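Structure file upload07.txt (compact mmCIF, C-alpha atoms) follows.
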# COMPACT_ATOMS: atom_id res chain seq x y z
CA MET A 124 13.06 -48.55 -23.16
CA ARG A 125 15.36 -49.57 -20.29
CA MET A 126 18.35 -48.34 -22.27
CA TYR A 127 16.78 -44.90 -22.61
CA ILE A 128 16.06 -44.83 -18.87
CA LYS A 129 19.68 -45.76 -18.09
CA LEU A 130 20.99 -43.10 -20.46
CA TRP A 131 18.67 -40.53 -18.87
CA LEU A 132 19.84 -41.46 -15.36
CA VAL A 133 23.50 -41.31 -16.38
CA SER A 134 22.96 -37.91 -18.03
CA LEU A 135 21.15 -36.64 -14.94
CA GLY A 136 24.04 -37.84 -12.79
CA PHE A 137 26.58 -35.95 -14.91
CA ILE A 138 24.41 -32.81 -14.76
CA CYS A 139 24.13 -32.99 -10.96
CA TRP A 140 27.87 -33.63 -10.64
CA GLY A 141 28.61 -30.65 -12.91
CA VAL A 142 26.30 -28.32 -10.97
CA GLN A 143 27.77 -29.46 -7.64
CA SER A 144 31.31 -29.01 -8.93
CA THR A 145 30.49 -25.54 -10.23
CA PHE A 146 29.05 -24.43 -6.89
CA ALA A 147 31.95 -26.01 -5.02
CA GLN A 148 34.45 -24.19 -7.22
CA ALA A 149 32.59 -20.91 -6.74
CA ARG A 150 32.66 -21.40 -2.99
CA ILE A 151 36.38 -22.15 -3.04
CA GLU A 152 37.03 -19.00 -5.06
CA ALA A 153 34.85 -16.97 -2.69
CA SER A 154 36.66 -18.37 0.34
CA ALA A 155 39.96 -17.28 -1.17
CA GLU A 156 38.76 -13.68 -0.95
CA LYS A 157 38.65 -11.65 2.25
CA VAL A 158 36.94 -13.43 5.13
CA TYR A 159 34.54 -11.35 7.24
CA THR A 160 34.12 -12.57 10.82
CA ARG A 161 31.96 -9.81 12.30
CA SER A 162 28.90 -7.82 11.31
CA PHE A 163 26.55 -5.27 12.84
CA THR A 164 23.07 -4.32 11.65
CA ILE A 165 20.15 -2.16 12.74
CA GLY A 166 16.61 -2.65 11.52
CA ILE A 167 13.05 -1.33 11.52
CA ILE A 168 10.39 -3.91 12.40
CA SER A 169 6.81 -4.14 11.15
CA SER A 170 4.67 -6.94 12.58
CA ASN A 171 1.05 -8.03 12.92
CA ARG A 172 1.16 -6.65 16.48
CA GLY A 173 3.00 -3.37 16.02
CA TYR A 174 6.41 -2.05 15.11
CA GLY A 175 9.85 -1.58 16.62
CA ILE A 176 13.60 -1.47 16.16
CA GLN A 177 16.41 -3.98 16.53
CA ALA A 178 20.20 -4.10 16.62
CA ASN A 179 22.27 -7.25 15.98
CA TYR A 180 25.90 -8.25 16.23
CA LEU A 181 27.22 -11.44 14.62
CA ARG A 182 30.63 -12.97 15.16
CA GLY A 183 32.30 -16.13 13.91
CA GLU A 184 33.87 -17.88 10.96
CA GLY A 185 32.34 -20.45 8.65
CA ASP A 186 28.65 -21.19 8.21
CA ARG A 187 27.71 -20.64 11.88
CA GLN A 188 27.96 -17.33 13.74
CA LEU A 189 27.14 -16.21 17.24
CA TYR A 190 24.11 -13.91 17.21
CA VAL A 191 23.70 -11.19 19.87
CA GLY A 192 20.87 -8.69 19.60
CA LEU A 193 18.47 -6.26 21.21
CA ASP A 194 14.85 -6.25 20.04
CA THR A 195 12.45 -3.51 21.23
CA ARG A 196 8.91 -3.17 19.94
CA LEU A 197 5.41 -1.91 20.66
CA VAL A 198 3.00 -4.83 21.10
CA ARG A 199 -0.70 -4.35 20.41
CA SER A 200 -3.67 -6.58 21.09
CA LEU A 201 -5.07 -8.38 18.07
CA PHE A 202 -8.51 -7.08 19.06
CA GLU A 203 -7.66 -3.39 18.74
CA SER A 204 -9.83 -1.41 16.34
CA LYS A 205 -9.48 2.34 15.85
CA ILE A 206 -12.54 4.57 16.07
CA ASN A 207 -12.98 7.99 14.51
CA PRO A 208 -13.13 10.79 17.11
CA ILE A 209 -16.05 13.10 17.70
CA PHE A 210 -14.01 16.13 16.66
CA PRO A 211 -12.25 15.97 13.25
CA ASN A 212 -8.99 17.42 14.55
CA ASP A 213 -8.57 14.86 17.32
CA LEU A 214 -6.71 11.58 17.02
CA ARG A 215 -8.38 8.24 16.36
CA TYR A 216 -8.57 6.03 19.43
CA VAL A 217 -9.07 2.41 20.48
CA PHE A 218 -12.08 1.93 22.71
CA GLY A 219 -11.33 -0.45 25.56
CA LYS A 220 -7.56 -0.06 25.46
CA LEU A 221 -6.08 0.21 28.95
CA ASN A 222 -2.33 0.31 28.38
CA TYR A 223 0.43 0.67 25.85
CA PHE A 224 2.71 -2.34 25.98
CA PHE A 225 6.39 -2.35 25.07
CA VAL A 226 8.68 -5.39 25.03
CA SER A 227 12.47 -5.23 25.03
CA ARG A 228 14.47 -8.43 24.72
CA PRO A 229 18.26 -8.81 24.85
CA GLU A 230 18.89 -12.08 23.04
CA ILE A 231 21.57 -14.54 22.09
CA GLY A 232 21.57 -17.39 19.60
CA PHE A 233 23.13 -18.63 16.38
CA SER A 234 22.84 -17.70 12.73
CA TYR A 235 23.55 -20.23 9.96
CA ASN A 236 24.60 -19.31 6.42
CA PHE A 237 22.48 -21.72 4.38
CA ILE A 238 23.03 -20.09 0.98
CA PRO A 239 26.33 -18.18 0.89
CA ARG A 240 27.04 -15.47 -1.64
CA SER A 241 29.27 -16.55 -4.51
CA HIS A 242 30.14 -15.58 -8.09
CA LEU A 243 27.03 -17.42 -9.24
CA ASN A 244 24.72 -16.24 -6.46
CA LEU A 245 24.33 -12.62 -5.38
CA LEU A 246 21.99 -13.43 -2.48
CA ASP A 247 23.24 -14.28 1.00
CA VAL A 248 20.66 -16.23 3.04
CA HIS A 249 20.95 -16.78 6.79
CA ALA A 250 18.57 -18.43 9.23
CA GLY A 251 18.75 -19.00 12.94
CA PHE A 252 17.27 -18.61 16.39
CA ALA A 253 17.71 -16.45 19.48
CA VAL A 254 16.38 -16.48 23.04
CA GLY A 255 16.53 -14.11 25.98
CA PRO A 256 14.64 -12.45 28.84
CA SER A 257 11.60 -10.43 27.83
CA ILE A 258 11.17 -7.17 29.71
CA GLY A 259 7.62 -5.87 29.35
CA VAL A 260 6.57 -2.32 30.24
CA THR A 261 3.01 -0.98 30.31
CA SER A 262 1.90 2.65 30.49
CA PRO A 263 -1.71 3.89 30.70
CA TYR A 264 -3.58 4.68 27.50
CA TYR A 265 -4.77 8.29 27.66
CA ILE A 266 -7.86 9.69 25.96
CA GLN A 267 -9.25 13.21 25.54
CA ILE A 268 -12.32 14.16 27.54
CA CYS A 269 -13.79 17.50 26.40
CA ASP A 270 -16.60 19.66 27.80
CA GLY A 271 -19.24 20.65 25.27
CA LEU A 272 -19.30 20.39 21.49
CA ALA A 273 -16.87 23.27 20.97
CA ASN A 274 -13.91 21.00 21.71
CA GLN A 275 -12.76 23.24 24.54
CA SER A 276 -11.49 22.52 28.07
CA CYS A 277 -10.12 19.13 27.06
CA ALA A 278 -8.27 16.95 29.56
CA ALA A 279 -6.08 13.90 28.99
CA VAL A 280 -7.07 11.08 31.34
CA PRO A 281 -6.37 7.31 31.44
CA PHE A 282 -9.15 5.25 29.91
CA ASP A 283 -11.48 3.84 32.56
CA PRO A 284 -14.04 1.27 31.32
CA ASP A 285 -16.33 2.01 34.28
CA ILE A 286 -16.63 5.71 33.41
CA HIS A 287 -15.90 6.40 29.76
CA THR A 288 -18.24 5.63 26.87
CA PHE A 289 -18.26 6.35 23.14
CA GLN A 290 -20.24 9.53 23.81
CA THR A 291 -17.77 10.95 26.33
CA ILE A 292 -14.47 10.36 24.50
CA GLY A 293 -13.23 13.14 22.24
CA GLY A 294 -10.23 11.23 20.87
CA ARG A 295 -6.84 9.81 21.80
CA ALA A 296 -4.36 11.89 23.74
CA SER A 297 -0.77 11.88 22.53
CA PHE A 298 1.56 9.46 24.28
CA PHE A 299 3.79 12.21 25.68
CA GLY A 300 0.85 14.46 26.55
CA GLY A 301 -0.72 11.84 28.78
CA GLY A 302 2.33 10.98 30.84
CA PHE A 303 4.35 7.83 31.39
CA SER A 304 3.61 5.63 34.41
CA PRO A 305 5.50 2.37 33.83
CA ARG A 306 4.73 -1.04 35.25
CA PHE A 307 7.13 -3.88 34.55
CA TYR A 308 6.53 -7.52 33.59
CA ALA A 309 9.17 -10.26 33.52
CA GLY A 310 9.18 -13.04 30.97
CA LEU A 311 11.11 -15.13 28.49
CA GLY A 312 11.13 -14.86 24.71
CA GLY A 313 12.61 -16.30 21.58
CA LYS A 314 12.45 -16.09 17.83
CA LEU A 315 13.18 -17.89 14.59
CA PHE A 316 14.44 -15.74 11.75
CA ALA A 317 15.57 -15.82 8.14
CA THR A 318 17.62 -13.02 6.58
CA ILE A 319 17.97 -12.43 2.84
CA ASP A 320 20.83 -10.06 2.04
CA LEU A 321 20.17 -8.26 -1.24
CA ALA A 322 23.16 -5.91 -1.22
CA GLY A 323 25.35 -7.89 -3.61
CA ASN A 324 28.33 -6.44 -1.78
CA GLU A 325 30.76 -8.32 0.45
CA SER A 326 31.15 -5.64 3.14
CA PHE A 327 27.72 -3.94 3.09
CA ILE A 328 24.45 -5.45 4.33
CA SER A 329 21.04 -4.46 2.99
CA ALA A 330 18.59 -7.22 3.85
CA ILE A 331 15.02 -8.26 4.56
CA ARG A 332 14.49 -10.32 7.69
CA PHE A 333 11.43 -12.47 8.46
CA GLU A 334 10.79 -13.44 12.06
CA THR A 335 8.42 -15.48 14.22
CA THR A 336 8.58 -14.24 17.80
CA ALA A 337 7.06 -15.57 21.03
CA ASP A 338 7.10 -13.90 24.46
CA LEU A 339 5.86 -15.60 27.64
CA PHE A 340 5.30 -13.50 30.78
CA LEU A 341 4.79 -14.55 34.38
CA GLN A 342 1.68 -12.37 34.68
CA GLU A 343 -1.19 -11.49 32.40
CA VAL A 344 -0.64 -8.15 30.66
CA PRO A 345 -3.69 -5.81 30.74
CA ILE A 346 -3.66 -4.23 27.28
CA MET A 347 -7.45 -4.23 26.79
CA MET A 348 -10.41 -4.28 29.15
CA GLU A 349 -11.69 -7.80 29.69
CA SER A 350 -15.07 -9.09 28.55
CA GLU A 351 -16.78 -12.40 27.90
CA ASN A 352 -14.93 -12.78 24.59
CA LEU A 353 -11.68 -11.08 25.54
CA SER A 354 -9.22 -11.82 28.32
CA ASN A 355 -5.71 -10.65 29.04
CA GLN A 356 -2.79 -12.74 27.83
CA ARG A 357 0.57 -13.96 29.07
CA ILE A 358 1.75 -15.31 25.69
CA PHE A 359 2.29 -13.07 22.67
CA LEU A 360 3.04 -14.57 19.26
CA SER A 361 3.92 -12.29 16.36
CA PHE A 362 5.07 -12.48 12.75
CA SER A 363 7.20 -9.68 11.39
CA ALA A 364 9.29 -8.42 8.52
CA SER A 365 12.09 -5.91 8.95
CA PHE A 366 14.51 -4.00 6.79
CA VAL A 367 18.06 -4.16 8.15
CA MET A 368 21.22 -2.36 7.15
CA GLY A 369 24.80 -2.60 8.35
CA GLY A 370 28.29 -3.72 7.54
CA LYS A 371 30.87 -6.47 7.88
CA TRP A 372 34.51 -6.40 8.86

Step by step, read the file and then write its structure as structure tokens.
Amino acid sequence: MRMYIKLWLVSLGFICWGVQSTFAQARIEASAEKVYTRSFTIGIISSNRGYGIQANYLRGEGDRQLYVGLDTRLVRSLFESKINPIFPNDLRYVFGKLNYFFVSRPEIGFSYNFIPRSHLNLLDVHAGFAVGPSIGVTSPYYIQICDGLANQSCAAVPFDPDIHTFQTIGGRASFFGGGFSPRFYAGLGGKLFATIDLAGNESFISAIRFETTADLFLQEVPIMMESENLSNQRIFLSFSASFVMGGKW
């Protein structure tokens, strides 16, 4: 029995050595090809709190690259729930919403190439982190208030929890129709990310990126009206997936 175990261990050792040698040889052959030291990507973000866009620039040789990016997204409260309007042609609205909230974060960090592309592996997997100042901007959430049931003489006004009720709101006003009155919030943010490049091409990037993002602000951000079960927050945690495209050179 012991002899069989020894033979099995020796065979397993040869298999592991062969696999490691194969991957090492593939990496050597890949390194002999053109080396790309820079890349630029843009992406569309979809998260549990909203959506946004991002742009990233990576620079460096080897398995570690400098990561510089700009991440801008709309951030919603987790307690938002859309309600159907009184009039069918009006837009659905969120009762109790006070402000739209946008966060833009210039960020810097590092990206690590954990699984490089080779002749045996068409995927290119990176993971890393980035931090930077979070710049928050709020703008009032406008609703439609209409006179009578004929949906005439409508006016776009900011939602006021002391005045407006379900019976008085016709629907949501468009963002541009209501006006933009910004108020700024300063904070700090960071994220962890993993990028899976599916392009199978050395110079082109077509990838899916998964991110966990946290933003901490100095002040509470009034997205929704407060109640016994709901209070404004200073910390916003989100989980997102994005589709990114770009190139290397």

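Around the point (3.3, 0.8, 13.3), within 10 Å and counting all atoms listed in the file, we find these residues: Ile168, Ser169, Ser170, Asn171, Arg172, Gly173, Tyr174, Gly175, Arg196, Leu197, Val198 and Arg199 of chain A.
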
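The two atoms in question, CA of Tyr264 (chain A) and CA of Val226 (chain A), are spaced 16.1 Å apart.
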
Among listed residues A:Phe218, A:Phe316, A:Phe299, A:Tyr223, nearest Asp283 (chain A) (using only C-alpha atoms) =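 That would be A:Phe218, the residue with the smallest distance to Asp283 (chain A).
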
query = For Phe303 (chain A), which residue out of A:Leu214, A:Cys277, A:Ile238, A:Val260 is the nearest one, using all atoms listed in the file?
reply =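 Nearest to Phe303 (chain A): A:Val260.
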
message = Report as a list in words all protein, DNA and RNA residues lying within 12 Å of Met348 (chain A), evaluated on all atoms listed in the file, omitting residues in the same chain fewer than 2 positions from it.
response =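 Neighbouring residues, sequence-local ones excluded: Ser200, Phe202, Glu203, Val217, Phe218, Gly219, Lys220, Leu221, Asn222, Tyr264, Phe282, Asp283, Pro284, Asp285, Val344, Pro345, Ile346, Ser350, Glu351, Asn352, Leu353, Ser354, Asn355 and Gln356 of chain A.
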
Would you save the residues from that selection as an mmCIF file, keeping the file's coordinate frame, using C-alpha atoms?
data_model
loop_
_atom_site.group_PDB
_atom_site.id
_atom_site.type_symbol
_atom_site.label_atom_id
_atom_site.label_comp_id
_atom_site.auth_asym_id
_atom_site.auth_seq_id
_atom_site.Cartn_x
_atom_site.Cartn_y
_atom_site.Cartn_z
ATOM 1 C CA SER A 200 -3.670 -6.580 21.090
ATOM 2 C CA PHE A 202 -8.510 -7.080 19.060
ATOM 3 C CA GLU A 203 -7.660 -3.390 18.740
ATOM 4 C CA VAL A 217 -9.070 2.410 20.480
ATOM 5 C CA PHE A 218 -12.080 1.930 22.710
ATOM 6 C CA GLY A 219 -11.330 -0.450 25.560
ATOM 7 C CA LYS A 220 -7.560 -0.060 25.460
ATOM 8 C CA LEU A 221 -6.080 0.210 28.950
ATOM 9 C CA ASN A 222 -2.330 0.310 28.380
ATOM 10 C CA TYR A 264 -3.580 4.680 27.500
ATOM 11 C CA PHE A 282 -9.150 5.250 29.910
ATOM 12 C CA ASP A 283 -11.480 3.840 32.560
ATOM 13 C CA PRO A 284 -14.040 1.270 31.320
ATOM 14 C CA ASP A 285 -16.330 2.010 34.280
ATOM 15 C CA VAL A 344 -0.640 -8.150 30.660
ATOM 16 C CA PRO A 345 -3.690 -5.810 30.740
ATOM 17 C CA ILE A 346 -3.660 -4.230 27.280
ATOM 18 C CA SER A 350 -15.070 -9.090 28.550
ATOM 19 C CA GLU A 351 -16.780 -12.400 27.900
ATOM 20 C CA ASN A 352 -14.930 -12.780 24.590
ATOM 21 C CA LEU A 353 -11.680 -11.080 25.540
ATOM 22 C CA SER A 354 -9.220 -11.820 28.320
ATOM 23 C CA ASN A 355 -5.710 -10.650 29.040
ATOM 24 C CA GLN A 356 -2.790 -12.740 27.830
#

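Residue nearest Ala296 (chain A) within the list A:Val158, A:Ile268, A:Ile319, A:Leu311: A:Ile268 [criterion: smallest interatomic distance, only C-alpha atoms].
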
query = CA of Gly192 (chain A) and CA of Thr261 (chain A) are how many Å apart?
reply =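 CA of Thr261 (chain A) lies 22.2 Å from CA of Gly192 (chain A).
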
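With all atoms listed in the file as the basis for measurement, A:Gly370 is the residue among A:Phe359, A:Gly370, A:Pro263, A:Phe252 that approaches Phe327 (chain A) most closely.
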
Please return the centre and edge lengths, in Å to one decimal, of a box with edges along x, y and z that contains all listed atoms of region 338-351 of chain A, widened by 4 Å on every side, as AutoDock Vina command-line options.
--center_x -4.8 --center_y -9.9 --center_z 29.6 --size_x 31.9 --size_y 19.4 --size_z 18.2

task = Work out how far CA of Asp186 (chain A) is from CA of Ser361 (chain A), in Å to one decimal.
result =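 According to the coordinates, CA of Ser361 (chain A) and CA of Asp186 (chain A) are separated by 27.5 Å.
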
request  = Tell me which of A:Ser363, A:Thr335, A:Ser297, A:Thr160 sits closest to Arg215 (chain A), counting all atoms listed in the file.
outcome  =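 Of A:Ser363, A:Thr335, A:Ser297, A:Thr160, the one nearest Arg215 (chain A) is A:Ser297, counting all atoms listed in the file.
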
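Distance check against Gln267 (chain A) using all atoms listed in the file: of A:Phe366, A:Phe237, A:Phe210, A:Phe225, the minimum falls on A:Phe210.
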
request  = Write out as a ChimeraX atom specification each polymer residue whose atoms come within 9 Å of Leu246 (chain A), counting only C-alpha atoms; drop sequence neighbours fewer than 3 positions from it.
outcome  = /A:238-241,319-323

message = Residues near Thr318 (chain A), anyone? I mean within 6 Å using all atoms listed in the file, not counting same-chain ones fewer than 4 positions away, as an NGL selection string.
response = :A and (248-249 or 331-332)

task = Determine, counting all atoms listed in the file, every residue of protein, DNA or RNA that lies within 8 Å of (26.5, -2.1, 7.4) in the file coordinates, then give the result as a PyMOL selection string.
result = chain A and resi 162-164+326-329+368-371

Residue rebuild result region 337-371 of chain A, N, CA and C atoms as a short mmCIF file (atom, residue, chain, number, x, y, z; two decimals), in the frame of the given file:
data_model
loop_
_atom_site.label_atom_id
_atom_site.label_comp_id
_atom_site.auth_asym_id
_atom_site.auth_seq_id
_atom_site.Cartn_x
_atom_site.Cartn_y
_atom_site.Cartn_z
N ALA A 337 7.96 -15.20 19.95
CA ALA A 337 7.06 -15.57 21.03
C ALA A 337 7.61 -15.03 22.34
N ASP A 338 6.73 -14.41 23.14
CA ASP A 338 7.10 -13.90 24.46
C ASP A 338 6.12 -14.46 25.49
N LEU A 339 6.66 -15.03 26.56
CA LEU A 339 5.86 -15.60 27.64
C LEU A 339 6.17 -14.85 28.93
N PHE A 340 5.12 -14.28 29.57
CA PHE A 340 5.30 -13.50 30.78
C PHE A 340 4.72 -14.23 31.99
N LEU A 341 5.24 -13.90 33.16
CA LEU A 341 4.79 -14.55 34.38
C LEU A 341 3.38 -14.12 34.76
N GLN A 342 3.00 -12.90 34.37
CA GLN A 342 1.68 -12.37 34.68
C GLN A 342 0.93 -12.01 33.41
N GLU A 343 -0.39 -11.98 33.51
CA GLU A 343 -1.19 -11.49 32.40
C GLU A 343 -0.96 -9.99 32.22
N VAL A 344 -0.91 -9.56 30.97
CA VAL A 344 -0.64 -8.15 30.66
C VAL A 344 -1.94 -7.47 30.26
N PRO A 345 -2.40 -6.45 31.02
CA PRO A 345 -3.69 -5.81 30.74
C PRO A 345 -3.60 -4.75 29.64
N ILE A 346 -3.67 -5.18 28.39
CA ILE A 346 -3.66 -4.23 27.28
C ILE A 346 -5.08 -3.70 27.02
N MET A 347 -6.06 -4.60 27.05
CA MET A 347 -7.45 -4.23 26.79
C MET A 347 -8.31 -4.57 28.00
N MET A 348 -9.48 -3.92 28.10
CA MET A 348 -10.41 -4.28 29.15
C MET A 348 -10.99 -5.66 28.84
N GLU A 349 -11.22 -6.43 29.88
CA GLU A 349 -11.69 -7.80 29.69
C GLU A 349 -13.21 -7.85 29.51
N SER A 350 -13.64 -8.86 28.77
CA SER A 350 -15.07 -9.09 28.55
C SER A 350 -15.29 -10.59 28.42
N GLU A 351 -16.49 -10.97 28.05
CA GLU A 351 -16.78 -12.40 27.90
C GLU A 351 -15.94 -13.03 26.79
N ASN A 352 -15.66 -12.25 25.74
CA ASN A 352 -14.93 -12.78 24.59
C ASN A 352 -13.47 -12.36 24.55
N LEU A 353 -13.04 -11.61 25.56
CA LEU A 353 -11.68 -11.08 25.54
C LEU A 353 -11.08 -11.13 26.94
N SER A 354 -9.93 -11.76 27.05
CA SER A 354 -9.22 -11.82 28.32
C SER A 354 -7.76 -11.47 28.10
N ASN A 355 -7.11 -11.01 29.14
CA ASN A 355 -5.71 -10.65 29.04
C ASN A 355 -4.84 -11.87 28.82
N GLN A 356 -3.67 -11.65 28.23
CA GLN A 356 -2.79 -12.74 27.83
C GLN A 356 -1.46 -12.69 28.55
N ARG A 357 -0.82 -13.86 28.60
CA ARG A 357 0.57 -13.96 29.07
C ARG A 357 1.51 -14.31 27.93
N ILE A 358 0.96 -14.87 26.83
CA ILE A 358 1.75 -15.31 25.69
C ILE A 358 1.42 -14.43 24.48
N PHE A 359 2.46 -13.93 23.84
CA PHE A 359 2.29 -13.07 22.67
C PHE A 359 3.11 -13.63 21.51
N LEU A 360 2.41 -14.03 20.46
CA LEU A 360 3.04 -14.57 19.26
C LEU A 360 2.90 -13.56 18.14
N SER A 361 3.98 -13.28 17.44
CA SER A 361 3.92 -12.29 16.36
C SER A 361 4.74 -12.74 15.17
N PHE A 362 4.36 -12.23 14.01
CA PHE A 362 5.07 -12.48 12.75
C PHE A 362 5.46 -11.12 12.18
N SER A 363 6.71 -11.00 11.79
CA SER A 363 7.20 -9.68 11.39
C SER A 363 8.14 -9.76 10.21
N ALA A 364 8.29 -8.62 9.57
CA ALA A 364 9.29 -8.42 8.52
C ALA A 364 10.03 -7.13 8.85
N SER A 365 11.31 -7.11 8.63
CA SER A 365 12.09 -5.91 8.95
C SER A 365 13.12 -5.67 7.86
N PHE A 366 13.45 -4.41 7.71
CA PHE A 366 14.51 -4.00 6.79
C PHE A 366 15.74 -3.67 7.62
N VAL A 367 16.85 -4.35 7.35
CA VAL A 367 18.06 -4.16 8.15
C VAL A 367 19.20 -3.69 7.25
N MET A 368 20.05 -2.87 7.83
CA MET A 368 21.22 -2.36 7.15
C MET A 368 22.41 -2.40 8.09
N GLY A 369 23.60 -2.58 7.51
CA GLY A 369 24.80 -2.60 8.35
C GLY A 369 26.02 -2.93 7.53
N GLY A 370 27.04 -3.42 8.22
CA GLY A 370 28.29 -3.72 7.54
C GLY A 370 29.01 -4.89 8.16
N LYS A 371 30.03 -5.38 7.43
CA LYS A 371 30.87 -6.47 7.88
C LYS A 371 32.32 -6.00 7.96
#
